[in-house]
Structure formats: C-alpha cells, structure tokens
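Peer 1: Below you'll find the structure I mean.
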Amino acid sequence: QDDHKPILTHLTWSLLAVAFLASFGSSMLYGFNLAVVNSPAEYIKAFYNETLTERHHWIPDEHFLTILYSLTVSIFAIGGMTGALLVGKLVTKYGRKGTLVRSTVLVFIGGSLMGFSRWFRNPFMVIAGRYITGVHSGISLSVVPMYLGEIAPKNLRGFLGLVPSIHICLGVFSAQVLGLSELLGKEEHWPLLLSLVLFPTLVQLMLLPWFPESPRYLLIEKGNVHATVSALKCFRKKGNIQAEVEEMQEEQRSLSSIKTLSVRRLLMDRSVRWQVLTIVVVNIGMQLSGIDAIWFYTNEIFKNAGIPEPHIQYTTVGTGAVEVLAGMLGCFTIERVGRRPLIIGGFLFMGLCCAGITVSVLLQAQFPFMSYISVGCVVGIIAGFCIGPAGVPFLITAELFKQSHRPSAYTVAGCLNWLSNFTIGFVFPFLEDATGPYCYLIFCAICWGVAAYTIWVIPETKNKTFLEISQMFAAKSSVQKEEPTPNSHLKLALMNGYGSLRLHDEK
C-alpha cells in the first residue's frame, strides 16, 4: 500500500497553523539567537569597553573584553540547559501548548533587557537578556517537537516534526541577513537587532492560545475524553476519530503508571535502556558533529580560504540560504524515505566533508585551488546537517517513548544537547590550537560513529504508532512490558531462539 497518498488528505489547515505558530515563535528564535551576536561582535565589545570605563573608571584590556563577549555568546547555552531541566515539570503541569504560551514571558523580559541595555548604559543587561532568552529556547526546543509529535497523525509525524528545524535554519538566515552592514549591522542598531526576538513571540502569543492542547496529554494524563475528542476534531478532517482515541486508550492501558516518570526512574528503567542510549548518542552526536564549530567560526574559515574581508558577510548569508533549502528538502522527503536514511546519509556526508576540510587545509600550500574545496566542504557539512541530523533527533525523541516517559526523555535529550553545545563552543578554539586542521578528523569519527549506531540499532519509525515503536524496542531489551493485543497487528516470531516482536502490516 502507498503511505504517501493520504498525506495531503490528513494535513489540515489547523495542523499547519499550529506547526507554523509554535515554530515561528519558538524554534526560529533559537536559530536567530545562535547567529545574531556574530555580526555586531565588535560593537558589543566597544559598548562593554565604554560603559565599564564610565561606570567603574577602569579601562578593561582586550583579553577581559574577549572573555566578557565569550560569556555573552555562551551564557545562551547555560540558559538553554536551565530551560531543558524545567521541561518535564512544566509540560506535566501546564500541558504542551500551555508551556509554550506561558514561556513567552521570558522572551519579553530577555528581549527588553537587551533592547534597553544601551539606554541604561548597562552591559550586564545584555548578558542577563541572553541568559533569559536561552532559558526560553531550552524549553521550546524540547516542547515544540513534543507538541507537534503528539498532535500529528502517524503518517505526518515526520513532516510536522521537521517544521521546527526549518524554522531554526530560517532564524539563523534572518539573523545573518538583518546583520548585514546595509541593514541592522550598524553600531547604532545592535540593541534593536538583539531585541527583534519580541515580534515573532508576540504573533505566537496572540494566536496559539486559540488552538487546542495535545489530545494525548488531555486523554492519557488528564483523562478528559470530551476535550480529547474536540481537540481531534479541530486537528483532523472528517475521519475516524474513534480509532485514534482507541489507540491512545490502548497505550494508556499499557503504561505501568499514568504519572510522568522522573529522570532518575527513566534512566533506571531497563525496558527503555536502548531508547535512552539512542537519544544520548544522537543528541550528543548532533552537537559534536562539528556543526557548532562551523557555525561559530565560519567567517574565520572563509578568511583563511582567501575570500576578501568585505565579501565574507555575503558568503555567510549564502550558507544560511543553503541551510534553509537543505532543511526544506529533509522536511518534504522524510515521509517518503523515512528517518533512518536522513540520519545515516546526513552523518556520513558530514563525516566525509570534515575529512575533506582536513585534507584541503593540509594541501592548501601546494595547491591553491584547495582553499575552494574547504569552502565547499563547509557548505557540505551545513547542508548534510540540515537535511537530517538537525531535526530528526528531536523528532525521534518523541517517537521512541510512550506518554509517561516522554517528558523526562526530552529533559535528558535537551540537557545533553545544550551541554555538548556549550562544551564545543568553549573547547573548539583550544582544540584547534592544539591539533590544527586534524581537529576535523575527530568530528569525522563522531559523525561516522553515529551513522554506524543508527545502521545497527535504530529501527525505522515511519508510519508506526507510539505503541508499535515501543514494542519494536521491547525485543531489543528482551523485556516485554506490554502484551501485544489482538488489534495491534503484532505477531510473536522466533528469532535466534529468542521471542521477539516482528511487525506485520495487514494488507
């Protein structure tokens, strides 16, 4: 049977609107904040220099200013880590949509602090603003894919799950474009550039509350059948809502506890050890793949390749456009090719390009044309990342766990993601000093390691219900927590002498 025909019949305007609003007001800000401090770096340092001299009658040296600027960049990741730790508690108490709507207050506080920092001549308002917007990004980076994964029908979960990653790429791209010297990349405009995050959040705050909460949260955690049916009626066209409610009730019956598991209990639960290991590998691999090093130091790489200084900002915008196109390609192909090919292909290609950077930099002295190969490899790493590894880890974190385990799984995934992000931003300059161009071979090994893990361990989750996916992993763990029910199309097969579950689609 062809799973692609029903896609358009299941895609309703309300699903699209929620995917757009949740991503536009949350995920896009994460991408924007990642890239926005690059172009006004010198102006921010100059502002720190002026204000510290005025207020404390002390002239800071270049080294201190660099540390202060590095703190401005990296405190965003510390905020993100704080936000990720709060996710489990927030989504259980306020729901998925409720958490997104309530967390917008953080953007208004953080954006205002950054916007008025020059007015009040206070450099610490910029740092505090970065931290608070980081907390918001830490929450939303986990909650948006969780919400979209739960409201989507199973054959659209991949498509809707990658909408946030397109918006992250759009955020990076818009920060690069707006940071051009012809637009807001001027000295007088940098506070405005940093505070632009307020506008997308305002749009989200005005429109998202009109849409329903996640039906799975309403039924499985709140036990409210009436609200679940009305939410499904909003998100689905006229269809068999009853079948979907029954599938959720079946998952509810299979849960040992309706209460959300704590992170400690999740890590101790042997029945999900392969799922936990999988999210650890893909989330750490996603950040340690070298993508952050490339994003933080693109300008330097282009400068070394011999691109003239004034043209570098346009080259950077070009890489931003490549990100958006690659992200869209991943989003529109995921339901056709599945999750595994996007992760495996993305990481293999990134590993190849990382090795390419090492080779081209080493041979640059003998063969000048190699500098263009290194630029091509940078673009290749970015494209390979945005096609799959950028968004699929967040999507499969929703898919690999059932309702009771999902919030804690997102807490673990989010914390690892932000911790790795912070580590690479901090360690990369020292790593590059110590190993030179060979540092990209470390990234190459990580990328290929994650691809190998995916090939051997991660099953294809395309078009499967959450219960079917957890049954696939139950076989790996040799722990069968749920009994297969007659209507879940699961049959027990004998493989290598062990009872394991094999899925049979009923034709």
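Just remember, in the structure tokens the first chain shown is A, the second B, etc., residues are 1-based per chain, and ligands are 1-based in the order shown.
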Could you list, as a JSON list (two decimals) with N, CA and C atoms, in the first residue's frame, every residue within 7 Å of region 112-116 of chain A, counting only C-alpha atoms and ignoring same-chain residues fewer than 2 positions away?

Peer 2:
[["chain", "number", "residue", "atom", "x", "y", "z"],
["A", 108, "PHE", "N", 9.86, 38.27, 26.37],
["A", 108, "PHE", "CA", 9.58, 39.69, 26.57],
["A", 108, "PHE", "C", 10.54, 40.31, 27.58],
["A", 109, "ILE", "N", 10.86, 39.56, 28.64],
["A", 109, "ILE", "CA", 11.82, 40.08, 29.64],
["A", 109, "ILE", "C", 13.21, 40.16, 29.01],
["A", 110, "GLY", "N", 13.68, 39.05, 28.42],
["A", 110, "GLY", "CA", 15.04, 39.00, 27.85],
["A", 110, "GLY", "C", 15.24, 39.98, 26.72],
["A", 118, "ARG", "N", 21.58, 49.71, 26.10],
["A", 118, "ARG", "CA", 22.40, 50.89, 25.80],
["A", 118, "ARG", "C", 21.79, 52.14, 26.43],
["A", 119, "TRP", "N", 20.47, 52.18, 26.48],
["A", 119, "TRP", "CA", 19.74, 53.29, 27.10],
["A", 119, "TRP", "C", 20.16, 53.44, 28.56],
["A", 120, "PHE", "N", 20.27, 52.28, 29.27],
["A", 120, "PHE", "CA", 20.64, 52.30, 30.69],
["A", 120, "PHE", "C", 22.15, 52.19, 30.90],
["A", 125, "MET", "N", 22.92, 43.91, 31.37],
["A", 125, "MET", "CA", 21.56, 43.69, 30.85],
["A", 125, "MET", "C", 21.62, 42.82, 29.58],
["A", 126, "VAL", "N", 22.68, 43.00, 28.78],
["A", 126, "VAL", "CA", 22.83, 42.18, 27.56],
["A", 126, "VAL", "C", 23.04, 40.72, 27.96],
["A", 129, "GLY", "N", 19.89, 39.28, 29.48],
["A", 129, "GLY", "CA", 18.90, 39.07, 28.42],
["A", 129, "GLY", "C", 19.20, 37.82, 27.60],
["A", 191, "PRO", "N", 21.34, 47.07, 19.55],
["A", 191, "PRO", "CA", 20.34, 46.67, 20.56],
["A", 191, "PRO", "C", 18.99, 46.29, 19.92],
["A", 192, "LEU", "N", 18.64, 47.00, 18.84],
["A", 192, "LEU", "CA", 17.40, 46.69, 18.12],
["A", 192, "LEU", "C", 17.49, 45.29, 17.50],
["A", 194, "LEU", "N", 19.25, 42.73, 18.51],
["A", 194, "LEU", "CA", 19.15, 41.69, 19.54],
["A", 194, "LEU", "C", 17.72, 41.55, 20.08],
["A", 195, "SER", "N", 16.95, 42.67, 20.05],
["A", 195, "SER", "CA", 15.61, 42.61, 20.66],
["A", 195, "SER", "C", 14.51, 42.29, 19.65]]

Peer 1: Run DSSP on the backbone of this structure and report the residues of region 147-248 of chain A it assigns to alpha helix (DSSP H), as a ChimeraX atom specification.

Peer 2: /A:147-151,157-161,163-178,190-195,198-207,215-216,225-235,241-248

Peer 1: Nearest to Phe349 (chain A): which of A:Ala22, A:Cys386, A:Met328, A:Leu219 is it, counting only C-alpha atoms?

Peer 2: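 The answer is A:Cys386, which sits nearest to Phe349 (chain A).
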
Peer 1: Just want the 12 Å neighbourhood of Tyr440 (chain A), counted on only C-alpha atoms, with same-chain residues fewer than 5 positions away dropped. Output as a PDB file with C-alpha atoms, in the first residue's frame.

Peer 2:
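The resulting result31.pdb:
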ATOM      1  CA  LEU A 288      29.712  17.101  18.486  1.00  0.00           C
ATOM      2  CA  SER A 289      29.462  16.537  14.736  1.00  0.00           C
ATOM      3  CA  GLY A 290      31.424  19.757  14.213  1.00  0.00           C
ATOM      4  CA  ILE A 291      28.400  21.815  13.150  1.00  0.00           C
ATOM      5  CA  ALA A 293      32.411  24.761  15.382  1.00  0.00           C
ATOM      6  CA  ILE A 294      31.499  25.524  11.761  1.00  0.00           C
ATOM      7  CA  MET A 350      29.137  15.385   7.174  1.00  0.00           C
ATOM      8  CA  GLY A 351      31.956  12.990   8.107  1.00  0.00           C
ATOM      9  CA  LEU A 352      33.188  12.972   4.512  1.00  0.00           C
ATOM     10  CA  CYS A 353      33.187  16.803   4.389  1.00  0.00           C
ATOM     11  CA  CYS A 354      35.015  17.028   7.768  1.00  0.00           C
ATOM     12  CA  ALA A 355      37.760  14.774   6.383  1.00  0.00           C
ATOM     13  CA  GLY A 356      37.700  16.966   3.237  1.00  0.00           C
ATOM     14  CA  ILE A 357      38.420  20.108   5.303  1.00  0.00           C
ATOM     15  CA  THR A 358      41.467  18.449   6.922  1.00  0.00           C
ATOM     16  CA  VAL A 359      42.866  17.294   3.552  1.00  0.00           C
ATOM     17  CA  SER A 360      42.211  20.611   1.777  1.00  0.00           C
ATOM     18  CA  VAL A 361      43.777  22.724   4.556  1.00  0.00           C
ATOM     19  CA  LEU A 362      46.896  20.496   4.636  1.00  0.00           C
ATOM     20  CA  SER A 374      37.495  23.740   2.038  1.00  0.00           C
ATOM     21  CA  CYS A 377      33.219  21.219   2.494  1.00  0.00           C
ATOM     22  CA  VAL A 378      31.919  23.847   4.967  1.00  0.00           C
ATOM     23  CA  ILE A 381      28.679  19.995   6.369  1.00  0.00           C
ATOM     24  CA  PHE A 428      36.953  24.192  19.958  1.00  0.00           C
ATOM     25  CA  LEU A 431      41.292  22.058  20.258  1.00  0.00           C
ATOM     26  CA  GLU A 432      42.086  23.862  17.005  1.00  0.00           C
ATOM     27  CA  THR A 435      45.599  19.860  16.693  1.00  0.00           C
ATOM     28  CA  ALA A 445      34.967   9.908  13.552  1.00  0.00           C
ATOM     29  CA  ILE A 446      31.980  11.086  15.657  1.00  0.00           C
ATOM     30  CA  CYS A 447      29.760  11.513  12.563  1.00  0.00           C
TER      31      CYS A 447
END

Peer 1: Could you check how far CA of Ser23 (chain A) sits from CA of Val36 (chain A), in Å to one decimal?

Peer 2: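 Taking CA of Ser23 (chain A) as the start and CA of Val36 (chain A) as the end point, the length is 18.0 Å.
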
Peer 1: When distances are computed from only C-alpha atoms, which of A:Ile78, A:Ile139, A:Ala321, A:Ala84 shows the smallest separation from Leu170 (chain A)?

Peer 2: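 Closest to Leu170 (chain A), using only C-alpha atoms: A:Ala321.
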
Peer 1: Smallest atom-to-atom distance to Leu400 (chain A): which of A:Tyr30, A:Phe173, A:Phe473, A:Trp210, using only C-alpha atoms?

Peer 2: A:Phe473

Peer 1: Find the residues around region 52-55 of chain A up to 12 Å (only C-alpha atoms counted), leave out those fewer than 2 positions away in its own chain, and share them as a PyMOL selection string.

Peer 2: chain A and resi 45-50+57-61+64-65+68+120-124

Peer 1: Using the selection just defined, write its residues with N, CA and C atoms as a PDB file, in the first residue's frame.

Peer 2:
ATOM      1  N   LYS A  45      31.540  44.672  22.013  1.00  0.00           N
ATOM      2  CA  LYS A  45      32.777  44.809  22.802  1.00  0.00           C
ATOM      3  C   LYS A  45      33.065  46.287  23.089  1.00  0.00           C
ATOM      4  N   ALA A  46      32.868  47.122  22.072  1.00  0.00           N
ATOM      5  CA  ALA A  46      33.109  48.568  22.249  1.00  0.00           C
ATOM      6  C   ALA A  46      32.160  49.133  23.305  1.00  0.00           C
ATOM      7  N   PHE A  47      30.917  48.694  23.300  1.00  0.00           N
ATOM      8  CA  PHE A  47      29.917  49.144  24.286  1.00  0.00           C
ATOM      9  C   PHE A  47      30.344  48.721  25.693  1.00  0.00           C
ATOM     10  N   TYR A  48      30.819  47.474  25.830  1.00  0.00           N
ATOM     11  CA  TYR A  48      31.306  46.997  27.134  1.00  0.00           C
ATOM     12  C   TYR A  48      32.473  47.872  27.603  1.00  0.00           C
ATOM     13  N   ASN A  49      33.366  48.177  26.675  1.00  0.00           N
ATOM     14  CA  ASN A  49      34.552  48.989  26.991  1.00  0.00           C
ATOM     15  C   ASN A  49      34.132  50.372  27.498  1.00  0.00           C
ATOM     16  N   GLU A  50      33.239  51.036  26.752  1.00  0.00           N
ATOM     17  CA  GLU A  50      32.776  52.389  27.118  1.00  0.00           C
ATOM     18  C   GLU A  50      32.114  52.390  28.490  1.00  0.00           C
ATOM     19  N   HIS A  57      35.325  53.622  36.109  1.00  0.00           N
ATOM     20  CA  HIS A  57      36.594  54.342  35.900  1.00  0.00           C
ATOM     21  C   HIS A  57      37.762  53.367  35.768  1.00  0.00           C
ATOM     22  N   TRP A  58      37.518  52.340  34.980  1.00  0.00           N
ATOM     23  CA  TRP A  58      38.537  51.294  34.805  1.00  0.00           C
ATOM     24  C   TRP A  58      38.540  50.890  33.341  1.00  0.00           C
ATOM     25  N   ILE A  59      39.708  50.919  32.724  1.00  0.00           N
ATOM     26  CA  ILE A  59      39.774  50.577  31.302  1.00  0.00           C
ATOM     27  C   ILE A  59      40.125  49.089  31.155  1.00  0.00           C
ATOM     28  N   PRO A  60      39.142  48.270  30.714  1.00  0.00           N
ATOM     29  CA  PRO A  60      39.414  46.832  30.587  1.00  0.00           C
ATOM     30  C   PRO A  60      40.351  46.552  29.406  1.00  0.00           C
ATOM     31  N   ASP A  61      41.187  45.528  29.557  1.00  0.00           N
ATOM     32  CA  ASP A  61      42.071  45.175  28.441  1.00  0.00           C
ATOM     33  C   ASP A  61      41.332  44.272  27.442  1.00  0.00           C
ATOM     34  N   PHE A  64      40.105  40.830  28.686  1.00  0.00           N
ATOM     35  CA  PHE A  64      38.898  40.852  29.525  1.00  0.00           C
ATOM     36  C   PHE A  64      37.649  41.044  28.662  1.00  0.00           C
ATOM     37  N   LEU A  65      37.750  41.925  27.663  1.00  0.00           N
ATOM     38  CA  LEU A  65      36.603  42.165  26.772  1.00  0.00           C
ATOM     39  C   LEU A  65      36.236  40.899  25.999  1.00  0.00           C
ATOM     40  N   LEU A  68      34.390  38.628  28.314  1.00  0.00           N
ATOM     41  CA  LEU A  68      33.031  39.138  28.528  1.00  0.00           C
ATOM     42  C   LEU A  68      32.145  38.847  27.316  1.00  0.00           C
ATOM     43  N   PHE A 120      20.267  52.285  29.271  1.00  0.00           N
ATOM     44  CA  PHE A 120      20.642  52.301  30.693  1.00  0.00           C
ATOM     45  C   PHE A 120      22.151  52.191  30.898  1.00  0.00           C
ATOM     46  N   ARG A 121      22.905  52.113  29.803  1.00  0.00           N
ATOM     47  CA  ARG A 121      24.379  52.015  29.852  1.00  0.00           C
ATOM     48  C   ARG A 121      24.824  50.850  30.754  1.00  0.00           C
ATOM     49  N   ASN A 122      24.168  49.703  30.590  1.00  0.00           N
ATOM     50  CA  ASN A 122      24.475  48.568  31.472  1.00  0.00           C
ATOM     51  C   ASN A 122      24.811  47.310  30.658  1.00  0.00           C
ATOM     52  N   PRO A 123      26.098  46.909  30.630  1.00  0.00           N
ATOM     53  CA  PRO A 123      26.471  45.733  29.825  1.00  0.00           C
ATOM     54  C   PRO A 123      25.871  44.433  30.362  1.00  0.00           C
ATOM     55  N   PHE A 124      25.580  44.394  31.684  1.00  0.00           N
ATOM     56  CA  PHE A 124      25.083  43.138  32.253  1.00  0.00           C
ATOM     57  C   PHE A 124      23.629  42.868  31.864  1.00  0.00           C
TER      58      PHE A 124
END

Peer 1: Region 167-264 of chain A near region 12-19 of chain A within 10 Å: what's each residue's closest atom pair and its distance in Å to one decimal, counting only C-alpha atoms, ordered by chain then ascending residue number, as CSV?

Peer 2:
residue,atom,partner,partner_atom,distance
A:Gln204,CA,A:Val18,CA,9.5
A:Leu207,CA,A:Val18,CA,9.1
A:Leu208,CA,A:Val18,CA,6.9
A:Pro209,CA,A:Val18,CA,9.9
A:Trp210,CA,A:Val18,CA,9.8
A:Phe211,CA,A:Val18,CA,7.3
A:Pro212,CA,A:Val18,CA,9.3
A:Cys234,CA,A:Ser14,CA,6.8
A:Phe235,CA,A:Leu15,CA,5.6
A:Arg236,CA,A:Thr12,CA,6.4
A:Lys237,CA,A:Thr12,CA,6.5

Peer 1: Could you list, as a PyMOL selection string, every residue within 12 Å of Val229 (chain A), counting only C-alpha atoms and ignoring same-chain residues fewer than 4 positions away?

Peer 2: chain A and resi 212-216+218-219+223-225+233-236+239-246+248

Peer 1: Give me a file of those residues, with N, CA and C atoms, as an mmCIF file, in the first residue's frame.

Peer 2:
data_model
loop_
_atom_site.group_PDB
_atom_site.id
_atom_site.type_symbol
_atom_site.label_atom_id
_atom_site.label_comp_id
_atom_site.auth_asym_id
_atom_site.auth_seq_id
_atom_site.Cartn_x
_atom_site.Cartn_y
_atom_site.Cartn_z
ATOM 1 N N PRO A 212 -6.188 23.963 20.261
ATOM 2 C CA PRO A 212 -6.298 23.044 21.401
ATOM 3 C C PRO A 212 -4.957 22.509 21.902
ATOM 4 N N GLU A 213 -5.011 21.956 23.100
ATOM 5 C CA GLU A 213 -3.882 21.269 23.734
ATOM 6 C C GLU A 213 -3.682 19.913 23.030
ATOM 7 N N SER A 214 -2.545 19.268 23.296
ATOM 8 C CA SER A 214 -2.262 17.948 22.729
ATOM 9 C C SER A 214 -3.318 16.928 23.174
ATOM 10 N N PRO A 215 -3.997 16.258 22.214
ATOM 11 C CA PRO A 215 -5.032 15.277 22.578
ATOM 12 C C PRO A 215 -4.485 14.145 23.457
ATOM 13 N N ARG A 216 -3.247 13.708 23.204
ATOM 14 C CA ARG A 216 -2.666 12.606 24.004
ATOM 15 C C ARG A 216 -2.501 13.031 25.458
ATOM 16 N N LEU A 218 -4.314 15.356 26.970
ATOM 17 C CA LEU A 218 -5.658 15.510 27.544
ATOM 18 C C LEU A 218 -6.252 14.156 27.938
ATOM 19 N N LEU A 219 -6.020 13.127 27.113
ATOM 20 C CA LEU A 219 -6.627 11.819 27.391
ATOM 21 C C LEU A 219 -5.793 11.008 28.385
ATOM 22 N N GLY A 223 -7.140 12.421 31.465
ATOM 23 C CA GLY A 223 -8.341 11.572 31.461
ATOM 24 C C GLY A 223 -9.585 12.293 30.983
ATOM 25 N N ASN A 224 -9.418 13.340 30.191
ATOM 26 C CA ASN A 224 -10.564 14.142 29.731
ATOM 27 C C ASN A 224 -10.934 13.736 28.302
ATOM 28 N N VAL A 225 -11.883 12.794 28.171
ATOM 29 C CA VAL A 225 -12.252 12.257 26.849
ATOM 30 C C VAL A 225 -12.930 13.323 25.997
ATOM 31 N N LYS A 233 -11.093 16.727 16.681
ATOM 32 C CA LYS A 233 -11.982 17.265 15.630
ATOM 33 C C LYS A 233 -11.379 18.510 14.998
ATOM 34 N N CYS A 234 -10.664 19.291 15.820
ATOM 35 C CA CYS A 234 -10.014 20.502 15.292
ATOM 36 C C CYS A 234 -8.838 20.135 14.388
ATOM 37 N N PHE A 235 -8.046 19.121 14.798
ATOM 38 C CA PHE A 235 -6.816 18.782 14.069
ATOM 39 C C PHE A 235 -7.015 17.809 12.908
ATOM 40 N N ARG A 236 -8.168 17.141 12.839
ATOM 41 C CA ARG A 236 -8.387 16.160 11.778
ATOM 42 C C ARG A 236 -9.529 16.587 10.867
ATOM 43 N N GLY A 239 -13.008 12.215 9.857
ATOM 44 C CA GLY A 239 -12.374 10.896 9.714
ATOM 45 C C GLY A 239 -12.733 10.060 10.905
ATOM 46 N N ASN A 240 -12.052 8.937 11.039
ATOM 47 C CA ASN A 240 -12.370 8.046 12.138
ATOM 48 C C ASN A 240 -11.593 8.449 13.379
ATOM 49 N N ILE A 241 -12.172 9.389 14.128
ATOM 50 C CA ILE A 241 -11.521 9.858 15.348
ATOM 51 C C ILE A 241 -11.549 8.749 16.407
ATOM 52 N N GLN A 242 -12.608 7.938 16.353
ATOM 53 C CA GLN A 242 -12.776 6.865 17.341
ATOM 54 C C GLN A 242 -11.567 5.921 17.351
ATOM 55 N N ALA A 243 -11.066 5.589 16.139
ATOM 56 C CA ALA A 243 -9.922 4.659 16.037
ATOM 57 C C ALA A 243 -8.698 5.253 16.737
ATOM 58 N N GLU A 244 -8.519 6.578 16.586
ATOM 59 C CA GLU A 244 -7.359 7.224 17.200
ATOM 60 C C GLU A 244 -7.489 7.285 18.722
ATOM 61 N N VAL A 245 -8.723 7.542 19.193
ATOM 62 C CA VAL A 245 -8.959 7.565 20.639
ATOM 63 C C VAL A 245 -8.689 6.175 21.225
ATOM 64 N N GLU A 246 -9.125 5.131 20.497
ATOM 65 C CA GLU A 246 -8.899 3.752 20.974
ATOM 66 C C GLU A 246 -7.401 3.424 21.033
ATOM 67 N N MET A 248 -5.012 5.548 21.595
ATOM 68 C CA MET A 248 -4.468 6.233 22.778
ATOM 69 C C MET A 248 -4.840 5.485 24.056
#

Peer 1: For Ile387 (chain A), find every residue with an atom within 12 Å (counting only C-alpha atoms), except residues of its own chain fewer than 2 positions away, and show them as an NGL selection string.

Peer 2: :A and (162-163 or 165-166 or 169 or 322-334 or 339-350 or 380-385 or 389-393)

Peer 1: Store the residues picked out above, limited to C-alpha atoms, as an mmCIF file, in the first residue's frame.

Peer 2:
data_model
loop_
_atom_site.group_PDB
_atom_site.id
_atom_site.type_symbol
_atom_site.label_atom_id
_atom_site.label_comp_id
_atom_site.auth_asym_id
_atom_site.auth_seq_id
_atom_site.Cartn_x
_atom_site.Cartn_y
_atom_site.Cartn_z
ATOM 1 C CA LEU A 162 10.839 18.759 10.954
ATOM 2 C CA VAL A 163 8.940 22.074 10.604
ATOM 3 C CA SER A 165 14.166 22.588 12.247
ATOM 4 C CA ILE A 166 13.297 24.564 9.076
ATOM 5 C CA CYS A 169 17.507 27.449 9.841
ATOM 6 C CA VAL A 322 21.815 26.551 1.916
ATOM 7 C CA GLU A 323 20.641 25.629 5.452
ATOM 8 C CA VAL A 324 17.060 26.646 4.728
ATOM 9 C CA LEU A 325 16.951 24.750 1.405
ATOM 10 C CA ALA A 326 18.515 21.615 2.940
ATOM 11 C CA GLY A 327 16.070 21.781 5.869
ATOM 12 C CA MET A 328 13.116 22.006 3.469
ATOM 13 C CA LEU A 329 14.447 19.081 1.436
ATOM 14 C CA GLY A 330 14.614 16.959 4.621
ATOM 15 C CA CYS A 331 11.121 18.025 5.691
ATOM 16 C CA PHE A 332 9.486 17.169 2.358
ATOM 17 C CA THR A 333 11.266 13.828 1.902
ATOM 18 C CA ILE A 334 11.091 12.365 5.428
ATOM 19 C CA ARG A 339 14.016 8.703 9.422
ATOM 20 C CA ARG A 340 16.953 6.306 9.145
ATOM 21 C CA PRO A 341 18.172 7.339 5.642
ATOM 22 C CA LEU A 342 18.137 11.033 6.638
ATOM 23 C CA ILE A 343 20.199 10.429 9.801
ATOM 24 C CA ILE A 344 22.592 7.921 8.210
ATOM 25 C CA GLY A 345 23.040 9.887 4.954
ATOM 26 C CA GLY A 346 23.391 13.223 6.802
ATOM 27 C CA PHE A 347 26.070 11.985 9.210
ATOM 28 C CA LEU A 348 28.025 10.036 6.566
ATOM 29 C CA PHE A 349 28.102 13.086 4.290
ATOM 30 C CA MET A 350 29.137 15.385 7.174
ATOM 31 C CA GLY A 380 28.544 20.437 2.584
ATOM 32 C CA ILE A 381 28.679 19.995 6.369
ATOM 33 C CA ILE A 382 25.924 22.581 6.833
ATOM 34 C CA ALA A 383 23.712 21.018 4.109
ATOM 35 C CA GLY A 384 24.280 17.473 5.425
ATOM 36 C CA PHE A 385 23.381 18.615 8.937
ATOM 37 C CA PRO A 389 20.722 15.419 11.874
ATOM 38 C CA ALA A 390 19.365 18.912 12.674
ATOM 39 C CA GLY A 391 15.745 17.886 13.250
ATOM 40 C CA VAL A 392 15.367 14.105 13.337
ATOM 41 C CA PRO A 393 16.892 13.631 16.864
#

Peer 1: Please produce, as a tab-separated table, a per-residue contact table for region 62-111 of chain A versus region 402-406 of chain A (criterion: any atom at most 12 Å away, only C-alpha atoms considered), showing the nearest atom pair and its distance in Å to one decimal, sorted by chain then residue number.

Peer 2:
residue	atom	partner	partner_atom	distance
A:Val87	CA	A:Arg406	CA	10.4
A:Gly88	CA	A:Arg406	CA	8.3
A:Lys89	CA	A:Arg406	CA	11.6
A:Val91	CA	A:Arg406	CA	10.0
A:Thr92	CA	A:Ser404	CA	9.6
A:Arg96	CA	A:Arg406	CA	11.6
